[in-house]
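Have a look at the structure below before the remarks.
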Amino acid sequence: MNLEGSALKGSKLFKMNCVGCHGVSGQGLLGPDLHQVSLQFSDKQIINQVRKGLTPPMPSFEMEPELMADLLAYLHSLN
C-alpha cells in the first residue's frame, strides 16, 4: 500500500507529538536534527523507528497509516 501524505497535516502531527524532543522546526534538541532524515533513512526505517521507538528515550507511537504518510510527507519536506 502506497499512501500519498500531506506535509501540512504531517506538520500539525509533528507539532503535537515531536517538538518536545526534535524542536519546532525539527532542528534537534534531546532528539536528533531531522533535516535530511529522509535522505539518510528509508521510509520503512523511519516508520519502524516511530512505531517502535528503537533509540531511547524515543517513545513508540502507534498511528494509522494515513497519519504516518502525513508525517513522512512532512519529514521529506525538511530536506
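Going through the C-alpha cells in order, the chains are called A, B, and so on, while each chain numbers its residues from 1 and the ligands are numbered from 1 in the order shown.
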Could you give me, as a VMD selection string, the residues within 7 Å of segment 18-23 of chain A, counting only C-alpha atoms and dropping anything in the same chain fewer than 6 positions from it? chain A and resid 29 to 33
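Those residues of segment 11-50 of chain A that DSSP, working from the backbone, places in helix (DSSP H, G or I) are Ser11, Lys12, Leu13, Phe14, Lys15, Met16, Asn17, Val19, Gly20, Cys21, His22, Val37, Ser38, Leu39, Gln40, Asp43, Lys44, Gln45, Ile46, Ile47, Asn48, Gln49 and Val50 of chain A.
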Quick one: residues within 6 Å of Tyr74 of chain A, only C-alpha atoms, excluding same-chain residues fewer than 4 positions away - as a list in words?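 Final neighbour list, sorted by chain and number: Ala7, Gly10 and Ser11 of chain A.
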I'd like the interatomic distance between atom CA of Glu4 of chain A and atom CA of Thr55 of chain A, to a tenth of an Å. 27.1 Å
